[in-house]
file protein_23.txt (compact mmCIF, C-alpha atoms and all ligand atoms)
# COMPACT_ATOMS: atom_id res chain seq x y z
CA MET W 42 0.00 0.00 0.00
CA CYS W 43 1.33 3.41 -0.89
CA ALA W 44 -0.16 6.05 1.42
CA ASP W 45 -0.38 9.57 0.10
CA ARG W 46 0.15 11.74 3.17
CA SER W 47 0.47 14.99 1.28
CA VAL W 48 -1.56 18.09 2.12
CA GLN W 49 -2.96 18.03 -1.42
CA ALA W 50 -4.25 14.50 -0.99
CA LEU W 51 -5.76 14.89 2.45
CA ILE W 52 -7.24 18.40 2.62
CA ARG W 53 -10.58 18.90 0.86
CA PRO W 54 -9.92 20.44 -2.56
CA ASP W 55 -12.60 23.11 -1.94
CA ILE W 56 -10.77 24.15 1.26
CA GLN W 57 -7.46 24.30 -0.60
CA ALA W 58 -9.12 26.60 -3.13
CA LEU W 59 -10.26 29.07 -0.43
CA ALA W 60 -8.30 32.19 0.46
CA ALA W 61 -7.67 32.60 4.21
CA TYR W 62 -9.45 35.53 5.87
CA PRO W 63 -6.84 38.31 5.70
CA VAL W 64 -5.96 40.20 8.89
CA PRO W 65 -3.38 42.96 8.24
CA ASP W 66 -0.75 43.98 10.77
CA ALA W 67 -1.98 47.18 12.41
CA ALA W 68 0.79 47.78 14.96
CA GLY W 69 1.26 51.49 15.56
CA MET W 70 -1.44 52.51 13.06
CA VAL W 71 -4.60 54.55 13.42
CA LYS W 72 -6.79 51.48 13.11
CA LEU W 73 -9.93 52.22 11.14
CA ASP W 74 -10.27 48.95 9.23
CA ALA W 75 -12.31 46.57 11.36
CA MET W 76 -15.35 48.39 12.77
CA GLU W 77 -14.02 48.22 16.30
CA ASN W 78 -15.15 50.68 18.94
CA PRO W 79 -12.09 52.95 19.41
CA TYR W 80 -12.65 53.45 23.14
CA PRO W 81 -11.10 51.17 25.75
CA LEU W 82 -13.07 49.79 28.68
CA PRO W 83 -14.32 52.88 30.58
CA GLU W 84 -12.05 53.90 33.45
CA ALA W 85 -14.94 53.74 35.93
CA LEU W 86 -15.49 50.04 35.19
CA ARG W 87 -11.93 48.79 35.38
CA ASP W 88 -11.67 47.95 39.06
CA GLY W 89 -15.02 46.20 39.06
CA TRP W 90 -14.11 44.29 35.92
CA ALA W 91 -10.76 43.22 37.37
CA SER W 92 -12.25 41.96 40.60
CA VAL W 93 -15.01 40.04 38.79
CA LEU W 94 -12.45 38.33 36.54
CA ALA W 95 -10.10 37.66 39.45
CA GLY W 96 -12.89 35.76 41.18
CA VAL W 97 -13.66 33.47 38.24
CA ALA W 98 -13.13 29.74 38.79
CA VAL W 99 -10.76 29.19 35.88
CA ASN W 100 -10.00 25.69 37.16
CA ARG W 101 -13.58 24.64 36.34
CA TYR W 102 -15.29 24.13 33.02
CA PRO W 103 -17.78 26.88 32.20
CA ASP W 104 -21.49 26.50 32.80
CA SER W 105 -22.36 25.42 29.28
CA ARG W 106 -25.73 27.22 29.31
CA SER W 107 -24.33 30.66 30.32
CA PRO W 108 -27.46 31.35 32.40
CA GLU W 109 -26.36 34.66 33.90
CA VAL W 110 -25.41 36.20 30.56
CA LYS W 111 -28.71 35.12 29.04
CA GLU W 112 -30.78 36.44 31.91
CA ARG W 113 -29.10 39.86 31.73
CA LEU W 114 -29.36 39.92 27.95
CA ARG W 115 -33.11 39.40 28.27
CA ARG W 116 -33.38 42.48 30.41
CA VAL W 117 -30.91 44.75 28.62
CA MET W 118 -32.03 43.91 25.09
CA ARG W 119 -35.73 43.60 26.02
CA VAL W 120 -35.96 40.13 24.56
CA PRO W 121 -39.65 39.30 24.01
CA GLN W 122 -41.39 36.47 25.86
CA GLY W 123 -41.21 33.21 23.91
CA CYS W 124 -37.94 34.23 22.31
CA ASP W 125 -34.98 32.01 23.20
CA ILE W 126 -31.23 32.85 23.17
CA LEU W 127 -28.22 30.96 21.81
CA LEU W 128 -24.69 32.27 22.44
CA GLY W 129 -21.75 31.94 20.08
CA ASN W 130 -18.02 32.66 20.14
CA GLY W 131 -18.78 35.79 18.13
CA SER W 132 -21.67 35.80 15.68
CA ASP W 133 -19.29 34.11 13.27
CA GLU W 134 -19.70 30.92 15.29
CA LEU W 135 -23.48 31.28 15.21
CA ILE W 136 -23.37 31.55 11.41
CA GLN W 137 -21.22 28.42 11.43
CA MET W 138 -23.69 26.56 13.68
CA ILE W 139 -26.54 27.49 11.34
CA CYS W 140 -24.57 26.33 8.31
CA LEU W 141 -23.58 23.06 10.02
CA SER W 142 -27.20 22.27 10.92
CA ILE W 143 -28.88 23.01 7.61
CA VAL W 144 -30.12 20.15 5.42
CA ARG W 145 -27.71 18.83 2.79
CA SER W 146 -30.36 18.76 0.07
CA GLY W 147 -28.84 21.26 -2.31
CA ARG W 148 -30.99 24.16 -1.09
CA GLY W 149 -28.07 26.11 0.32
CA VAL W 150 -27.47 29.61 1.62
CA MET W 151 -28.34 32.96 0.07
CA ALA W 152 -27.09 36.44 0.93
CA LEU W 153 -27.04 39.86 -0.68
CA GLU W 154 -23.85 41.17 -2.26
CA PRO W 155 -21.76 43.07 -1.59
CA GLY W 156 -22.23 41.71 1.92
CA PHE W 157 -20.55 40.17 4.94
CA VAL W 158 -17.96 37.68 3.68
CA MET W 159 -18.49 35.14 6.47
CA TYR W 160 -21.87 34.03 5.06
CA SER W 161 -20.33 32.72 1.85
CA MET W 162 -17.11 31.64 3.53
CA LEU W 163 -18.84 29.51 6.18
CA ALA W 164 -21.40 28.16 3.72
CA LYS W 165 -18.53 26.94 1.56
CA VAL W 166 -16.45 25.58 4.45
CA THR W 167 -19.44 23.57 5.68
CA GLY W 168 -20.09 22.22 2.20
CA LEU W 169 -23.28 24.14 1.39
CA ASP W 170 -24.21 25.74 -1.92
CA TYR W 171 -24.02 29.50 -1.76
CA GLN W 172 -25.88 31.98 -3.91
CA GLY W 173 -25.17 35.73 -3.78
CA VAL W 174 -27.80 38.17 -5.04
CA ALA W 175 -26.56 41.57 -6.18
CA LEU W 176 -27.75 44.84 -4.70
CA GLN W 177 -28.36 47.73 -7.10
CA ALA W 178 -25.48 50.02 -8.09
CA ASP W 179 -26.44 52.47 -5.32
CA PHE W 180 -26.47 49.51 -2.85
CA SER W 181 -30.23 49.61 -2.39
CA LEU W 182 -32.11 46.33 -2.41
CA ASP W 183 -33.29 45.03 -5.78
CA LEU W 184 -36.60 43.80 -4.38
CA PRO W 185 -38.07 42.16 -7.53
CA GLY W 186 -34.71 40.58 -8.38
CA THR W 187 -34.22 39.25 -4.86
CA LEU W 188 -37.77 37.90 -4.64
CA ALA W 189 -37.23 36.14 -7.98
CA ALA W 190 -33.89 34.71 -6.76
CA LEU W 191 -35.60 33.34 -3.64
CA GLN W 192 -38.09 31.49 -5.85
CA THR W 193 -35.42 30.27 -8.29
CA TYR W 194 -32.81 29.06 -5.81
CA ASN W 195 -35.13 28.07 -2.94
CA PRO W 196 -32.42 28.64 -0.27
CA ALA W 197 -32.70 26.94 3.10
CA VAL W 198 -31.30 30.10 4.72
CA LEU W 199 -31.28 33.76 3.78
CA PHE W 200 -28.79 35.94 5.67
CA LEU W 201 -29.77 39.60 5.76
CA ALA W 202 -27.52 42.13 7.52
CA GLN W 203 -29.34 45.29 8.64
CA PRO W 204 -27.52 47.68 8.39
CA ASN W 205 -25.54 45.96 5.66
CA ASN W 206 -21.75 45.57 5.75
CA PRO W 207 -19.76 46.90 3.84
CA THR W 208 -22.31 49.35 2.44
CA GLY W 209 -23.65 50.71 5.75
CA ASN W 210 -27.24 51.13 4.61
CA LEU W 211 -30.60 49.90 5.88
CA PHE W 212 -33.28 48.64 3.52
CA PRO W 213 -36.84 49.90 3.93
CA VAL W 214 -38.77 47.92 6.55
CA GLU W 215 -41.45 47.02 3.96
CA HIS W 216 -38.78 45.46 1.76
CA VAL W 217 -37.36 43.40 4.61
CA ARG W 218 -40.87 42.23 5.48
CA ALA W 219 -41.51 41.34 1.83
CA LEU W 220 -38.36 39.18 1.80
CA VAL W 221 -39.34 37.53 5.09
CA ASP W 222 -42.87 36.90 3.78
CA SER W 223 -41.74 35.15 0.65
CA ALA W 224 -38.50 33.48 1.80
CA PRO W 225 -38.85 29.72 1.32
CA GLY W 226 -36.59 28.95 4.30
CA LEU W 227 -35.06 30.38 7.44
CA VAL W 228 -34.29 34.13 7.50
CA VAL W 229 -31.44 35.30 9.73
CA ILE W 230 -31.43 39.07 10.30
CA ASP W 231 -27.94 40.10 11.35
CA GLU W 232 -28.07 43.22 13.51
CA ALA W 233 -24.34 43.58 14.20
CA TYR W 234 -24.62 47.36 13.65
CA MET W 235 -27.93 48.05 15.32
CA PRO W 236 -26.31 50.06 18.18
CA PHE W 237 -25.61 52.78 15.61
CA CYS W 238 -29.09 53.13 14.13
CA ASP W 239 -32.77 53.12 15.05
CA SER W 240 -33.60 49.83 13.35
CA ASP W 241 -34.64 46.85 15.50
CA TYR W 242 -36.00 43.60 14.08
CA LEU W 243 -36.09 41.55 17.28
CA GLY W 244 -39.90 41.83 17.27
CA LEU W 245 -40.07 39.87 14.01
CA THR W 246 -39.18 36.72 15.96
CA GLY W 247 -42.64 37.02 17.49
CA ASP W 248 -44.40 37.64 14.17
CA TYR W 249 -42.70 34.91 12.17
CA GLU W 250 -41.68 31.39 13.10
CA HIS W 251 -38.91 31.31 10.51
CA VAL W 252 -37.00 34.44 11.59
CA LEU W 253 -33.88 34.48 13.76
CA VAL W 254 -32.14 37.71 14.83
CA MET W 255 -28.40 37.84 15.46
CA ARG W 256 -26.44 40.44 17.43
CA THR W 257 -22.91 40.79 18.75
CA PHE W 258 -20.77 42.54 21.35
CA SER W 259 -18.06 43.10 18.74
CA LYS W 260 -19.06 46.54 17.48
CA VAL W 261 -19.88 48.10 20.86
CA GLY W 262 -16.47 47.90 22.50
CA LEU W 263 -16.08 44.20 23.29
CA ALA W 264 -14.72 42.68 20.08
CA GLY W 265 -11.97 40.93 22.02
CA LEU W 266 -14.46 39.11 24.23
CA ARG W 267 -15.91 37.15 21.27
CA LEU W 268 -19.61 36.94 22.05
CA GLY W 269 -22.55 36.82 19.68
CA PHE W 270 -26.25 36.29 20.35
CA LEU W 271 -28.93 34.52 18.36
CA PHE W 272 -32.58 35.13 19.21
CA GLY W 273 -35.57 33.12 18.06
CA ARG W 274 -38.01 30.30 18.75
CA SER W 275 -36.70 27.44 20.87
CA GLY W 276 -37.68 24.97 18.12
CA TRP W 277 -34.82 26.32 16.01
CA LEU W 278 -32.35 27.15 18.75
CA ASP W 279 -32.65 23.74 20.45
CA GLU W 280 -31.56 22.07 17.22
CA LEU W 281 -28.71 24.52 16.57
CA ASP W 282 -27.58 24.03 20.16
CA LYS W 283 -26.78 20.40 19.36
CA VAL W 284 -23.88 21.40 17.08
CA ARG W 285 -22.53 23.94 19.57
CA LEU W 286 -19.31 22.85 21.27
CA PRO W 287 -20.31 22.46 24.93
CA TYR W 288 -17.91 25.06 26.31
CA ASN W 289 -17.88 27.55 23.45
CA ILE W 290 -18.28 30.53 25.80
CA ASN W 291 -15.35 30.47 28.21
CA VAL W 292 -15.58 31.45 31.88
CA LEU W 293 -13.82 34.81 31.44
CA THR W 294 -16.11 35.78 28.56
CA GLN W 295 -19.18 34.79 30.55
CA ALA W 296 -18.08 36.77 33.60
CA GLY W 297 -16.98 39.77 31.53
CA ALA W 298 -20.19 39.78 29.51
CA ALA W 299 -22.39 39.55 32.60
CA PHE W 300 -20.47 42.48 34.09
CA ALA W 301 -20.66 44.51 30.86
CA LEU W 302 -24.41 43.96 30.61
CA GLU W 303 -24.83 45.27 34.12
CA HIS W 304 -23.14 48.48 32.97
CA PHE W 305 -24.45 48.51 29.46
CA ASP W 306 -25.32 52.21 29.54
CA GLU W 307 -21.59 52.97 29.37
CA PHE W 308 -21.31 51.04 26.13
CA ARG W 309 -24.50 52.61 24.79
CA SER W 310 -23.14 56.08 25.42
CA GLN W 311 -19.93 55.20 23.58
CA ALA W 312 -22.07 54.03 20.66
CA ALA W 313 -24.01 57.30 20.76
CA ARG W 314 -20.76 59.22 20.63
CA ILE W 315 -19.57 57.17 17.66
CA ARG W 316 -22.89 57.83 15.96
CA ALA W 317 -22.47 61.57 16.40
CA ASP W 318 -18.86 61.38 15.22
CA ARG W 319 -20.01 59.45 12.15
CA GLN W 320 -22.03 62.49 11.12
CA ALA W 321 -19.06 64.80 11.62
CA LEU W 322 -16.79 62.43 9.68
CA ALA W 323 -19.29 62.15 6.82
CA THR W 324 -19.50 65.92 6.59
CA ALA W 325 -15.71 66.26 6.54
CA LEU W 326 -15.39 63.54 3.89
CA GLN W 327 -18.04 65.17 1.71
CA ALA W 328 -15.95 68.33 1.67
CA LEU W 329 -12.99 66.47 0.10
CA PRO W 330 -12.60 66.57 -3.68
CA GLY W 331 -12.91 63.36 -5.69
CA LEU W 332 -14.79 61.41 -3.04
CA GLU W 333 -18.32 60.02 -3.16
CA VAL W 334 -19.64 59.39 0.34
CA PHE W 335 -22.40 56.84 0.93
CA GLN W 336 -24.97 57.34 3.66
CA SER W 337 -24.33 55.07 6.65
CA ASP W 338 -26.35 53.73 9.56
CA ALA W 339 -23.38 51.79 10.94
CA ASN W 340 -20.05 52.66 12.61
CA PHE W 341 -18.24 52.93 9.29
CA ILE W 342 -18.53 54.93 6.09
CA LEU W 343 -18.16 53.63 2.55
CA VAL W 344 -16.59 56.01 0.03
CA ARG W 345 -15.73 55.85 -3.66
CA THR W 346 -12.61 57.58 -4.90
CA ALA W 347 -12.08 59.26 -8.27
CA ARG W 348 -8.40 58.28 -8.04
CA GLU W 349 -7.48 54.61 -8.00
CA ALA W 350 -8.65 53.28 -4.63
CA ARG W 351 -5.61 51.06 -4.09
CA THR W 352 -3.30 54.06 -4.52
CA VAL W 353 -5.33 56.07 -2.01
CA PHE W 354 -5.32 53.13 0.41
CA THR W 355 -1.54 52.69 0.13
CA GLY W 356 -1.01 56.43 0.55
CA LEU W 357 -3.05 56.39 3.75
CA THR W 358 -1.19 53.34 5.06
CA LYS W 359 2.12 55.18 4.53
CA LYS W 360 0.71 58.00 6.62
CA GLY W 361 -0.12 55.57 9.41
CA VAL W 362 -3.88 55.28 8.80
CA LEU W 363 -5.23 51.78 8.17
CA ILE W 364 -8.63 51.52 6.48
CA LYS W 365 -10.12 48.79 4.28
CA CYS W 366 -9.72 48.72 0.53
CA LEU W 367 -12.73 47.02 -1.04
CA ASP W 368 -11.80 47.61 -4.66
CA GLY W 369 -11.67 44.23 -6.39
CA THR W 370 -13.75 42.37 -3.79
CA HIS W 371 -17.04 42.81 -5.70
CA PRO W 372 -17.79 44.53 -9.03
CA LEU W 373 -20.21 46.97 -7.34
CA LEU W 374 -17.41 48.05 -4.96
CA HIS W 375 -15.08 49.34 -7.66
CA SER W 376 -12.92 52.20 -6.31
CA CYS W 377 -14.45 51.81 -2.84
CA LEU W 378 -12.83 52.19 0.56
CA ARG W 379 -14.40 51.59 3.96
CA ILE W 380 -13.50 53.79 6.90
CA THR W 381 -14.42 52.79 10.45
CA VAL W 382 -15.52 55.68 12.65
CA GLY W 383 -12.80 56.14 15.28
CA THR W 384 -12.29 58.78 17.96
CA SER W 385 -12.70 62.34 16.71
CA GLU W 386 -8.88 62.70 16.72
CA GLU W 387 -8.47 59.52 14.66
CA ASN W 388 -11.18 60.66 12.24
CA ALA W 389 -9.43 64.02 11.85
CA ARG W 390 -6.12 62.26 11.11
CA CYS W 391 -7.83 60.12 8.50
CA VAL W 392 -9.46 63.12 6.81
CA SER W 393 -6.21 65.06 6.82
CA ALA W 394 -4.28 62.10 5.35
CA LEU W 395 -6.98 61.69 2.70
CA ARG W 396 -6.76 65.36 1.80
CA ASP W 397 -3.02 64.87 1.10
CA VAL W 398 -3.47 61.67 -0.84
CA LEU W 399 -6.54 62.31 -2.99
C1 LIG P 1 -18.71 42.52 12.27
C2 LIG P 1 -19.89 41.73 11.85
C3 LIG P 1 -20.33 40.66 12.62
C4 LIG P 1 -19.63 40.34 13.92
O1 LIG P 1 -19.03 39.15 13.95
P1 LIG P 1 -18.45 38.66 15.36
O2 LIG P 1 -18.07 37.25 15.06
O3 LIG P 1 -19.57 38.75 16.35
O4 LIG P 1 -17.30 39.53 15.71
C5 LIG P 1 -21.46 39.98 12.24
N1 LIG P 1 -22.13 40.33 11.13
C6 LIG P 1 -21.74 41.36 10.36
C7 LIG P 1 -22.55 41.75 9.18
C8 LIG P 1 -20.60 42.07 10.69
O5 LIG P 1 -20.20 43.08 9.90

call {"tool": "encode", "arguments": {"input": "protein_23.txt", "output": "structure tokens"}}
result
Amino acid sequence: MCADRSVQALIRPDIQALAAYPVPDAAGMVKLDAMENPYPLPEALRDGWASVLAGVAVNRYPDSRSPEVKERLRRVMRVPQGCDILLGNGSDELIQMICLSIVRSGRGVMALEPGFVMYSMLAKVTGLDYQGVALQADFSLDLPGTLAALQTYNPAVLFLAQPNNPTGNLFPVEHVRALVDSAPGLVVIDEAYMPFCDSDYLGLTGDYEHVLVMRTFSKVGLAGLRLGFLFGRSGWLDELDKVRLPYNINVLTQAGAAFALEHFDEFRSQAARIRADRQALATALQALPGLEVFQSDANFILVRTAREARTVFTGLTKKGVLIKCLDGTHPLLHSCLRITVGTSEENARCVSALRDVL
């Protein structure tokens, strides 16, 4: 017997064909590439946080059900009666659990594009068919086209980010309802950016049996904690829970999250500040020549440059400002850059660097 122990022989060809999720080195840079909250843990919370974490029984396995986090989430996020909660190691893990649990009958996953890359990435990694449906050139929803695609492809899951990443916009509520009404499968509404807008679809979990709503701590100042939330009927969540690794939420994350939820107003006020700074940043960007600025309901702003986007991006990097270049990632994103809203000082540095580079 001649065993082939090579990587090429043993790793799934479709995995070999994937590109790894790129994470650039940001040491020493003004970091405006990843939609993080720019503010550290508030000074007033540090002692309390430290003593809570110091008291955690790290010698024990976590409580797999994370009861304290869930109970506080119910209160803080006003989770409706009859709506259950599933926690993930970031919402990325929740997307993965959904993809792992879905039938292997060729129905697959659908999402709008340009959109969040993890939907297609995790669909592919878990061996599901993936179908992207294009937004219109101005990034609004093509309602007739999307409704037709739902009928044609019959996806088992539709992922819908509201606001959408990387475009930053919300679709009209009537359009979202129309998609939910005619979707032939599960609809997951991803509200990662809801702290920066007035939209809130949690109530849809009461109106529709086939709607789940996903949220995360990542954009409100706790990206390093890795905690995402999925809300919906227990019928769905009980099944998804079976593919969850038993201790996916570690003891420090559980304790930190419970503490953060007790002081959630601090994080909400940071989000409000970011929201106000988004407006100031948008105004400053609009005043720059050769820049089209798209309206945003999230903590980032999408822009299109008249000059080659890659050149602008590289120029900014040389000046110590890291943003995200989206040119080449989707045809509709030609010449586009995405700027995360930072502190007002960071935003000013970004605008000033752009003024030099454009
Ligand atoms: C950033 C983001 C998330 C968050 O993922 P985590 O794994 O919770 O950090 C989820 N959905 C969208 C659309 C995002 O942009």

call {"tool": "closest_residue", "arguments": {"input": "protein_23.txt", "among": "W:Phe308, W:Tyr234, W:Phe300, W:Phe354", "to": "ligand LIG 1 (chain P)", "atoms": "all atoms listed in the file"}}
result
W:Tyr234

call {"tool": "atom_distance", "arguments": {"input": "protein_23.txt", "atom1": "atom CA of W:Val334", "atom2": "atom CA of W:Gly186"}}
result
25.6 Å

call {"tool": "residues_near_ligand", "arguments": {"input": "protein_23.txt", "ligand": "ligand LIG 1 (chain P)", "cutoff": "10 Å", "atoms": "all atoms listed in the file", "output": "ChimeraX atom specification"}}
result
/W:75-77,129-136,156-160,200-209,230-234,255-260,263-270,339-340

call {"tool": "atom_distance", "arguments": {"input": "protein_23.txt", "atom1": "atom CA of W:Gly89", "atom2": "atom CA of W:Thr294"}}
result
14.8 Å

call {"tool": "residues_around", "arguments": {"input": "protein_23.txt", "residues": "W:Val117", "least_positions_apart": "2", "cutoff": "9 Å", "atoms": "only C-alpha atoms", "output": "VMD selection string"}}
result
chain W and resid 112 to 115 119 to 120 302 to 303 305

call {"tool": "residues_around", "arguments": {"input": "protein_23.txt", "residues": "W:Cys391", "least_positions_apart": "4", "cutoff": "12 Å", "atoms": "all atoms listed in the file", "output": "ChimeraX atom specification"}}
result
/W:70-74,322-323,325-326,329,353-354,356-364,379-387,395-399

call {"tool": "closest_residue", "arguments": {"input": "protein_23.txt", "among": "W:Asp368, W:Asp239, W:Asp104, W:Asp179", "to": "W:Arg316", "atoms": "only C-alpha atoms"}}
result
W:Asp239

call {"tool": "atom_distance", "arguments": {"input": "protein_23.txt", "atom1": "atom CA of W:Gly247", "atom2": "atom CA of W:Glu307"}}
result
29.0 Å
